[in-house]
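Asker: File input-v9.txt follows (compact mmCIF, C-alpha atoms and all ligand atoms):
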# COMPACT_ATOMS: atom_id res chain seq x y z
CA MET A 238 210.47 114.60 159.31
CA SER A 239 212.92 114.06 162.14
CA GLU A 240 212.09 115.60 165.54
CA GLN A 241 214.63 118.39 165.12
CA ALA A 242 213.52 120.60 162.20
CA ARG A 243 215.84 120.40 159.23
CA VAL A 244 217.63 123.61 158.36
CA ALA A 245 217.32 125.20 154.93
CA ILE A 246 219.26 128.07 153.35
CA VAL A 247 217.50 130.06 150.63
CA THR A 248 219.79 132.51 148.83
CA GLY A 249 218.27 135.66 147.40
CA GLY A 250 215.56 135.19 150.00
CA ALA A 251 214.77 138.87 150.51
CA ARG A 252 212.25 139.02 147.71
CA GLY A 253 210.64 137.34 144.72
CA ILE A 254 210.95 133.59 144.28
CA GLY A 255 213.43 133.34 147.15
CA ALA A 256 211.08 135.01 149.62
CA GLY A 257 208.18 132.82 148.47
CA THR A 258 210.33 129.71 148.79
CA ALA A 259 211.65 130.63 152.23
CA GLN A 260 208.09 131.13 153.48
CA ARG A 261 206.91 127.89 151.93
CA LEU A 262 209.75 125.82 153.40
CA ALA A 263 209.13 127.38 156.82
CA ALA A 264 205.44 126.48 156.51
CA ASP A 265 206.57 122.94 155.66
CA GLY A 266 208.32 122.85 159.05
CA LEU A 267 211.92 123.69 158.19
CA ALA A 268 214.02 126.29 160.02
CA VAL A 269 215.04 128.72 157.28
CA ALA A 270 218.10 130.92 156.85
CA VAL A 271 217.07 133.78 154.59
CA LEU A 272 220.29 134.88 152.88
CA ASP A 273 220.65 137.96 150.73
CA LEU A 274 223.25 140.62 149.91
CA LYS A 275 222.16 142.79 152.82
CA GLU A 276 221.00 141.26 156.10
CA ALA A 277 218.54 144.14 156.63
CA ASP A 278 216.78 143.30 153.35
CA CYS A 279 215.88 139.87 154.75
CA ALA A 280 213.82 141.36 157.59
CA ALA A 281 210.45 141.26 155.83
CA THR A 282 210.80 137.59 154.86
CA VAL A 283 212.01 136.66 158.34
CA GLU A 284 209.14 138.60 159.92
CA ALA A 285 206.58 136.89 157.64
CA ILE A 286 207.95 133.50 158.69
CA SER A 287 208.14 134.36 162.41
CA SER A 288 204.64 135.81 162.53
CA ALA A 289 203.31 132.62 160.94
CA GLY A 290 204.94 130.62 163.75
CA GLY A 291 208.07 129.53 161.87
CA ARG A 292 211.77 129.83 162.65
CA ALA A 293 214.00 132.01 160.49
CA LEU A 294 217.36 133.75 160.53
CA ALA A 295 218.50 136.69 158.40
CA VAL A 296 221.98 136.33 156.91
CA GLY A 297 223.80 138.93 154.82
CA ALA A 298 226.32 137.63 152.28
CA ASP A 299 227.38 137.96 148.68
CA VAL A 300 227.14 134.40 147.32
CA SER A 301 229.96 135.08 144.84
CA ASP A 302 232.48 135.84 147.63
CA THR A 303 234.29 132.82 149.07
CA GLU A 304 234.94 134.24 152.53
CA GLN A 305 231.44 135.67 152.93
CA VAL A 306 229.93 132.33 151.92
CA LYS A 307 232.08 130.45 154.44
CA ALA A 308 231.13 132.89 157.21
CA ALA A 309 227.43 132.75 156.28
CA VAL A 310 227.25 128.95 156.29
CA ASP A 311 229.16 128.83 159.61
CA LYS A 312 226.68 131.33 161.07
CA VAL A 313 223.71 129.27 159.93
CA ALA A 314 225.25 126.07 161.32
CA GLY A 315 225.97 127.81 164.64
CA ASP A 316 222.69 129.70 165.08
CA LEU A 317 220.09 127.43 163.45
CA GLY A 318 221.87 124.10 162.95
CA PRO A 319 223.69 122.35 160.11
CA PRO A 320 222.06 123.05 156.74
CA ALA A 321 220.37 120.06 155.12
CA VAL A 322 218.63 121.98 152.34
CA LEU A 323 220.15 124.57 150.01
CA VAL A 324 218.19 126.55 147.44
CA ASN A 325 220.57 128.41 145.14
CA ASN A 326 218.16 131.14 144.08
CA ALA A 327 220.15 134.42 144.23
CA GLY A 328 220.21 135.96 140.79
CA VAL A 329 220.86 139.05 138.72
CA ILE A 330 220.27 140.02 135.13
CA ARG A 331 222.51 142.23 133.01
CA ASP A 332 220.71 141.88 129.66
CA ASN A 333 222.13 143.22 126.44
CA MET A 334 222.67 142.13 122.86
CA LEU A 335 226.04 140.42 122.44
CA PHE A 336 227.67 143.35 120.64
CA LYS A 337 226.78 145.67 123.52
CA MET A 338 227.41 143.29 126.40
CA THR A 339 230.31 144.39 128.59
CA ASP A 340 232.88 142.22 130.36
CA ASP A 341 231.27 143.28 133.63
CA ASP A 342 227.81 142.23 132.40
CA TRP A 343 229.21 138.78 131.67
CA ASP A 344 231.31 138.39 134.83
CA MET A 345 228.59 139.64 137.17
CA VAL A 346 226.00 137.15 135.89
CA MET A 347 228.46 134.23 135.90
CA GLY A 348 229.64 135.27 139.36
CA VAL A 349 226.27 135.29 141.06
CA HIS A 350 224.61 132.33 139.34
CA LEU A 351 227.48 129.92 138.66
CA ARG A 352 230.24 130.83 141.12
CA GLY A 353 227.61 131.60 143.77
CA SER A 354 225.89 128.23 143.42
CA PHE A 355 229.29 126.49 143.41
CA LEU A 356 230.53 128.26 146.54
CA MET A 357 227.29 127.76 148.46
CA SER A 358 227.01 124.09 147.48
CA ARG A 359 230.65 123.41 148.37
CA ALA A 360 230.27 125.09 151.76
CA CYS A 361 227.04 123.23 152.59
CA GLN A 362 227.83 119.76 151.32
CA ARG A 363 230.00 118.72 154.28
CA HIS A 364 227.09 119.41 156.64
CA MET A 365 224.82 117.34 154.40
CA VAL A 366 227.35 114.50 154.21
CA ASP A 367 227.60 114.49 158.03
CA GLN A 368 223.80 114.17 158.25
CA GLY A 369 223.60 111.53 155.52
CA PHE A 370 220.87 113.72 154.03
CA GLY A 371 220.81 116.73 151.77
CA ARG A 372 218.69 118.49 149.20
CA ILE A 373 220.13 121.01 146.75
CA VAL A 374 217.88 122.91 144.35
CA ASN A 375 219.39 125.25 141.76
CA LEU A 376 217.34 127.91 140.01
CA SER A 377 217.81 127.51 136.27
CA SER A 378 215.47 129.19 133.77
CA SER A 379 213.62 128.69 130.52
CA SER A 380 216.31 131.08 129.23
CA ALA A 381 218.75 128.14 129.43
CA LEU A 382 217.25 127.12 126.08
CA GLY A 383 218.42 130.42 124.54
CA ASN A 384 216.95 133.91 124.81
CA ARG A 385 217.64 137.04 122.78
CA GLY A 386 219.58 139.64 124.78
CA GLN A 387 220.63 137.14 127.46
CA ALA A 388 223.87 135.51 126.25
CA ASN A 389 225.28 135.78 129.78
CA TYR A 390 222.16 134.71 131.66
CA SER A 391 221.18 131.84 129.34
CA THR A 392 224.75 130.50 129.51
CA ALA A 393 224.74 130.65 133.31
CA LYS A 394 221.32 128.99 133.54
CA ALA A 395 222.34 126.22 131.11
CA GLY A 396 225.56 125.80 133.09
CA LEU A 397 223.55 125.30 136.26
CA GLN A 398 221.83 122.33 134.64
CA GLY A 399 225.20 120.61 134.09
CA PHE A 400 226.27 121.58 137.60
CA THR A 401 223.06 120.06 139.01
CA LYS A 402 223.50 116.75 137.20
CA THR A 403 227.13 116.49 138.32
CA LEU A 404 226.25 117.18 141.96
CA ALA A 405 223.56 114.49 141.71
CA ILE A 406 226.17 111.98 140.51
CA GLU A 407 228.85 112.94 143.05
CA LEU A 408 226.69 113.37 146.14
CA GLY A 409 224.00 110.72 145.68
CA LYS A 410 225.80 108.11 147.77
CA PHE A 411 225.64 110.46 150.78
CA GLY A 412 221.85 110.73 150.68
CA ILE A 413 222.03 114.07 148.90
CA THR A 414 219.90 114.92 145.87
CA ALA A 415 220.44 117.82 143.48
CA ASN A 416 217.78 119.10 141.12
CA ALA A 417 217.14 122.21 139.08
CA VAL A 418 213.93 124.15 138.74
CA ALA A 419 213.68 126.17 135.56
CA PRO A 420 210.93 128.79 135.74
CA GLY A 421 209.38 130.54 132.79
CA PHE A 422 207.86 133.98 133.36
CA ILE A 423 207.38 134.64 137.09
CA ALA A 424 206.02 138.00 138.27
CA THR A 425 208.82 139.46 140.44
CA ASP A 426 211.01 142.55 140.58
CA MET A 427 213.28 140.84 138.05
CA THR A 428 210.60 140.63 135.34
CA ALA A 429 209.35 144.10 136.35
CA ALA A 430 212.87 145.41 135.70
CA THR A 431 212.87 143.78 132.26
CA ALA A 432 209.53 145.47 131.44
CA ALA A 433 210.94 148.81 132.57
CA ARG A 434 214.08 148.34 130.47
CA LEU A 435 211.89 147.65 127.41
CA GLY A 436 209.70 150.68 128.19
CA VAL A 437 206.55 148.57 128.67
CA GLY A 438 204.16 148.81 131.66
CA PHE A 439 204.46 145.71 133.88
CA GLU A 440 200.72 144.90 133.59
CA ASP A 441 200.88 144.99 129.79
CA PHE A 442 204.12 143.01 129.83
CA GLN A 443 202.49 140.28 131.93
CA LYS A 444 199.37 140.21 129.71
CA ALA A 445 201.50 139.79 126.60
CA ALA A 446 203.53 137.02 128.24
CA ALA A 447 200.39 135.24 129.50
CA SER A 448 198.91 135.12 126.01
CA GLN A 449 201.88 132.98 124.91
CA ILE A 450 201.71 130.58 127.88
CA PRO A 451 199.48 127.48 127.54
CA VAL A 452 197.84 127.97 130.96
CA ARG A 453 197.19 131.62 129.99
CA ARG A 454 198.72 133.25 133.03
CA VAL A 455 202.17 134.21 134.23
CA GLY A 456 203.70 132.38 137.17
CA GLN A 457 203.92 133.54 140.77
CA PRO A 458 206.71 132.84 143.29
CA ALA A 459 204.39 130.33 145.01
CA ASP A 460 204.26 128.25 141.80
CA VAL A 461 208.02 127.75 141.96
CA ALA A 462 208.07 127.35 145.74
CA HIS A 463 205.56 124.49 145.43
CA VAL A 464 207.91 122.47 143.22
CA ILE A 465 210.91 123.24 145.43
CA SER A 466 208.89 122.12 148.45
CA PHE A 467 208.43 118.74 146.80
CA LEU A 468 212.06 118.41 145.70
CA VAL A 469 213.44 119.09 149.20
CA SER A 470 210.90 116.85 150.96
CA GLU A 471 212.00 113.71 152.77
CA GLY A 472 210.13 111.53 150.29
CA ALA A 473 211.81 112.90 147.17
CA GLY A 474 215.09 111.05 147.72
CA PHE A 475 214.83 109.06 144.47
CA VAL A 476 214.45 112.17 142.30
CA SER A 477 217.87 113.58 141.48
CA GLY A 478 219.68 115.26 138.61
CA GLN A 479 216.40 116.47 137.10
CA VAL A 480 215.51 119.77 135.51
CA ILE A 481 211.85 120.66 136.06
CA TYR A 482 210.45 123.47 133.95
CA VAL A 483 207.84 125.49 135.81
CA ALA A 484 206.52 127.48 132.92
CA GLY A 485 202.79 126.83 132.48
CA GLY A 486 203.44 124.60 129.50
CA PRO A 487 206.01 122.32 127.92
CA LEU A 488 209.51 123.46 127.04
CA CYS A 489 212.14 121.29 125.36
P1 LIG B 501 214.68 139.02 142.21
O1 LIG B 501 213.30 139.42 142.60
O2 LIG B 501 215.53 139.97 141.45
O3 LIG B 501 215.44 138.53 143.53
C1 LIG B 501 216.77 138.09 143.47
C2 LIG B 501 217.39 138.24 144.84
O4 LIG B 501 218.76 137.78 144.76
C3 LIG B 501 217.44 139.71 145.31
O5 LIG B 501 216.99 139.83 146.64
C4 LIG B 501 218.91 140.03 145.18
O6 LIG B 501 219.39 141.00 146.09
C5 LIG B 501 219.57 138.69 145.48
N1 LIG B 501 220.94 138.67 145.05
C6 LIG B 501 221.47 139.17 143.89
N2 LIG B 501 222.79 139.01 143.87
C7 LIG B 501 223.15 138.40 145.03
C8 LIG B 501 224.37 137.99 145.59
N3 LIG B 501 225.53 138.16 144.94
N4 LIG B 501 224.37 137.40 146.81
C9 LIG B 501 223.21 137.23 147.49
N5 LIG B 501 222.00 137.59 147.01
C10 LIG B 501 221.96 138.19 145.79
O7 LIG B 501 214.66 137.70 141.31
P2 LIG B 501 213.57 136.54 141.13
O8 LIG B 501 212.76 136.87 139.95
O9 LIG B 501 212.92 136.22 142.42
O10 LIG B 501 214.53 135.35 140.69
C11 LIG B 501 215.04 134.39 141.61
C12 LIG B 501 215.83 133.35 140.83
O11 LIG B 501 214.98 132.73 139.86
C13 LIG B 501 217.01 133.91 140.05
O12 LIG B 501 218.07 132.99 140.05
C14 LIG B 501 216.45 134.07 138.66
O13 LIG B 501 217.48 134.07 137.69
C15 LIG B 501 215.55 132.86 138.57
N6 LIG B 501 214.48 132.98 137.57
C16 LIG B 501 213.55 133.99 137.64
C17 LIG B 501 212.55 134.06 136.66
C18 LIG B 501 211.48 135.12 136.66
O14 LIG B 501 210.70 135.18 135.69
N7 LIG B 501 211.40 135.97 137.67
C19 LIG B 501 212.51 133.11 135.64
C20 LIG B 501 213.47 132.11 135.60
C21 LIG B 501 214.45 132.05 136.58
P3 LIG B 501 219.38 142.57 145.68
O15 LIG B 501 217.95 142.95 145.68
O16 LIG B 501 220.16 143.24 146.78
O17 LIG B 501 220.05 142.65 144.35
Would it be possible to restate this file's structure as structure tokens?
Answerer:
Amino acid sequence: MSEQARVAIVTGGARGIGAGTAQRLAADGLAVAVLDLKEADCAATVEAISSAGGRALAVGADVSDTEQVKAAVDKVAGDLGPPAVLVNNAGVIRDNMLFKMTDDDWDMVMGVHLRGSFLMSRACQRHMVDQGFGRIVNLSSSSALGNRGQANYSTAKAGLQGFTKTLAIELGKFGITANAVAPGFIATDMTAATAARLGVGFEDFQKAAASQIPVRRVGQPADVAHVISFLVSEGAGFVSGQVIYVAGGPLC
């Protein structure tokens, strides 16, 4: 680690996997910009980091909006320093069977996951190129392999794998790596919302999921944060263009 702490941006950092990742990267010694739709929603994550002795900044932005992304990355560069690490974690689900899926369901999911990761990566890469160092981690999903009721989401998450590999090829010569982490079932508000939509209690939903997972438990945000911590570390510079499933067992 250089003397000046590297700066990380974690999108969707207000809760779930993003909040867990922001806290982990801060504990690793990075200064962390916690970015989410509403700046006020980032307060709890920022407070958790600050009270543990870390440095964090709350940033409100919609990752699918070009101007908001530009302004957010400029703010991070001005207030914390140039970003060297980007975790494209912001996500939404709009699940439905194909015949019931609306244009808005499709566009919203593509907008946040694909356009959002594109805009954030494009805005951050020049800072990484200037530093001769960068780490980009995109949140894919086991749903990239196909999942009933998620034509939009599985397409976006599979698309992020191609995006990741292409960034790895284009940016490698500047000291920048790009990798994807593809979680299986992680206990967050997102999976709680899926349980609610299916009319199943969240505890029962998790028990049923755990029984199908080789390690016999569902994942927690810290499980994903641990892998991201490795991928953004200084020593992981020869690992790029990879998709790592974090799912408690093998997936193809
Ligand atoms: P979560 O608890 O729903 O958190 C997602 C966060 O992203 C929320 O704070 C949300 O803000 C924010 N967000 C949504 N749209 C945004 C936008 N346009 N701009 C900025 N921020 C936005 O989700 P999670 O379970 O932690 O998931 C995090 C990532 O992991 C997602 O990409 C998800 O697809 C992926 N993933 C999750 C699982 C799982 O089992 N949980 C599995 C595989 C992959 P609001 O609260 O304001 O909407």
Asker: When you look at Pro458 (chain A) with a cut-off of 12 Å (counting only C-alpha atoms), what residues show up, excluding the ones that are within fewer than 3 positions of it in the same chain? I need them as a list in words.
Answerer: Gly250, Arg252, Gly253, Ile254, Gly255, Ala256, Gly257, Thr258, Ala259, Gln260, Arg261, Asn326, Pro420, Gly421, Phe422, Ile423, Ala424, Thr425, Asp426, Met427, Thr428, Val455, Val461, Ala462, His463, Val464, Ile465, Val483 and Ala484 of chain A
Asker: What's around Lys444 (chain A) at 12 Å? Count only C-alpha atoms, leave out sequence neighbours fewer than 3 positions away in its own chain, and write the answer as a ChimeraX atom specification.
Answerer: /A:422,424,432,437-441,447-450,453-456
Asker: Could you please determine the separation between CA of Leu267 (chain A) and CA of His350 (chain A) in Å, to one decimal place?
Answerer: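 Here the two named atoms are 24.3 Å from each other.
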Asker: Counting all atoms listed in the file, which of A:Asp299, A:Asp273, A:Asp316, A:Asp367 gets nearest to Gly412 (chain A)?
Answerer: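 The answer is A:Asp367, which sits nearest to Gly412 (chain A).
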Asker: Pick out the closest residue to ligand LIG 501 (chain B) from this set: A:Ala473, A:Ala381, A:Ile406, A:Val269. Count all atoms listed in the file.
Answerer: A:Ala381
Asker: So how far away is CA of Leu468 (chain A) from CA of Val418 (chain A), in Å?
Answerer: 9.2 Å
Asker: Choose the residue, out of A:Leu294, A:Met338, A:Ala405, A:Ala429, that has the smallest atom-to-atom separation from ligand LIG 501 (chain B); count all atoms listed in the file.
Answerer: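 Going through A:Leu294, A:Met338, A:Ala405, A:Ala429 one by one, the smallest distance to ligand LIG 501 (chain B) is for A:Ala429.
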Asker: What is the CA of Lys402 (chain A) to atom O13 of ligand LIG 501 (chain B) distance in Å?
Answerer: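 Answer for the CA of Lys402 (chain A) to atom O13 of ligand LIG 501 (chain B) separation: 18.3 Å.
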Asker: Using only C-alpha atoms, collect all residues at a distance of at most 6 Å from (224.6, 131.7, 145.1) as written in the file, then present them as number ranges by chain.
Answerer: A: 300, 325, 327, 349-350, 353-354, 357
Asker: Restricting the calculation to only C-alpha atoms, which member of A:Thr248, A:Asn333, A:Ala295, A:Ala285 is positioned closest to Arg385 (chain A)?
Answerer: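 Answer, going by the shortest atom-to-atom distance: A:Asn333.
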Asker: Which polymer residues have any atom within 12 Å of an atom of Asp332 (chain A), counting only C-alpha atoms, with same-chain residues fewer than 5 positions away left out, as a list in words?
Answerer: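 Here the qualifying residues turn out to be Lys337, Met338, Thr339, Asp341, Asp342, Trp343, Met345, Val346, Ser380, Asn384, Arg385, Gly386, Gln387, Ala388, Asn389, Tyr390, Ser391, Met427, Thr428, Ala430, Thr431, Ala432, Arg434 and Leu435 of chain A.
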Asker: Next, dump the selected residues to file, keeping only C-alpha atoms, as a short mmCIF file (atom, residue, chain, number, x, y, z; two decimals), in the coordinates of the input.
Answerer:
data_model
loop_
_atom_site.label_atom_id
_atom_site.label_comp_id
_atom_site.auth_asym_id
_atom_site.auth_seq_id
_atom_site.Cartn_x
_atom_site.Cartn_y
_atom_site.Cartn_z
CA LYS A 337 226.78 145.67 123.52
CA MET A 338 227.41 143.29 126.40
CA THR A 339 230.31 144.39 128.59
CA ASP A 341 231.27 143.28 133.63
CA ASP A 342 227.81 142.23 132.40
CA TRP A 343 229.21 138.78 131.67
CA MET A 345 228.59 139.64 137.17
CA VAL A 346 226.00 137.15 135.89
CA SER A 380 216.31 131.08 129.23
CA ASN A 384 216.95 133.91 124.81
CA ARG A 385 217.64 137.04 122.78
CA GLY A 386 219.58 139.64 124.78
CA GLN A 387 220.63 137.14 127.46
CA ALA A 388 223.87 135.51 126.25
CA ASN A 389 225.28 135.78 129.78
CA TYR A 390 222.16 134.71 131.66
CA SER A 391 221.18 131.84 129.34
CA MET A 427 213.28 140.84 138.05
CA THR A 428 210.60 140.63 135.34
CA ALA A 430 212.87 145.41 135.70
CA THR A 431 212.87 143.78 132.26
CA ALA A 432 209.53 145.47 131.44
CA ARG A 434 214.08 148.34 130.47
CA LEU A 435 211.89 147.65 127.41
#
Asker: Of the residues A:Leu397, A:Leu376, A:Ala280, A:Ala242, which is the one nearest to ligand LIG 501 (chain B), using only C-alpha atoms and all ligand atoms?
Answerer: A:Leu376
Asker: Select all residues near (220.6, 120.8, 154.3) (cut-off 6 Å, inclusive, file coordinates), counting only C-alpha atoms, and output them as number ranges by chain.
Answerer: A: 244-245, 320-323, 365, 371-372
Asker: For each of A:Ser288, A:Cys361, A:Ala445, A:Phe475, take the minimum atom-to-atom distance to Gly409 (chain A), counting only C-alpha atoms, then give the residue where this is smallest.
Answerer: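 Once distances to Gly409 (chain A) are computed over only C-alpha atoms, the minimum belongs to A:Phe475.
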Asker: For ligand LIG 501 (chain B), take all atoms listed in the file, fit an axis-aligned box around them, add 3 Å to each of the six sides, then output centre and edge lengths in Å rounded to one decimal, as AutoDock Vina command-line options.
Answerer:
--center_x 218.1 --center_y 137.6 --center_z 141.5 --size_x 20.8 --size_y 17.2 --size_z 17.9
Asker: Need the shell around region 274-276 of chain A: protein/DNA/RNA residues with any atom at most 6 Å away, counting only C-alpha atoms. Skip same-chain ones fewer than 2 positions apart. Format as a list in words?
Answerer: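 After dropping sequence-adjacent residues, the list is Asp278, Cys279, Ala295, Val296, Gly297, Ala298 and Asp299 of chain A.
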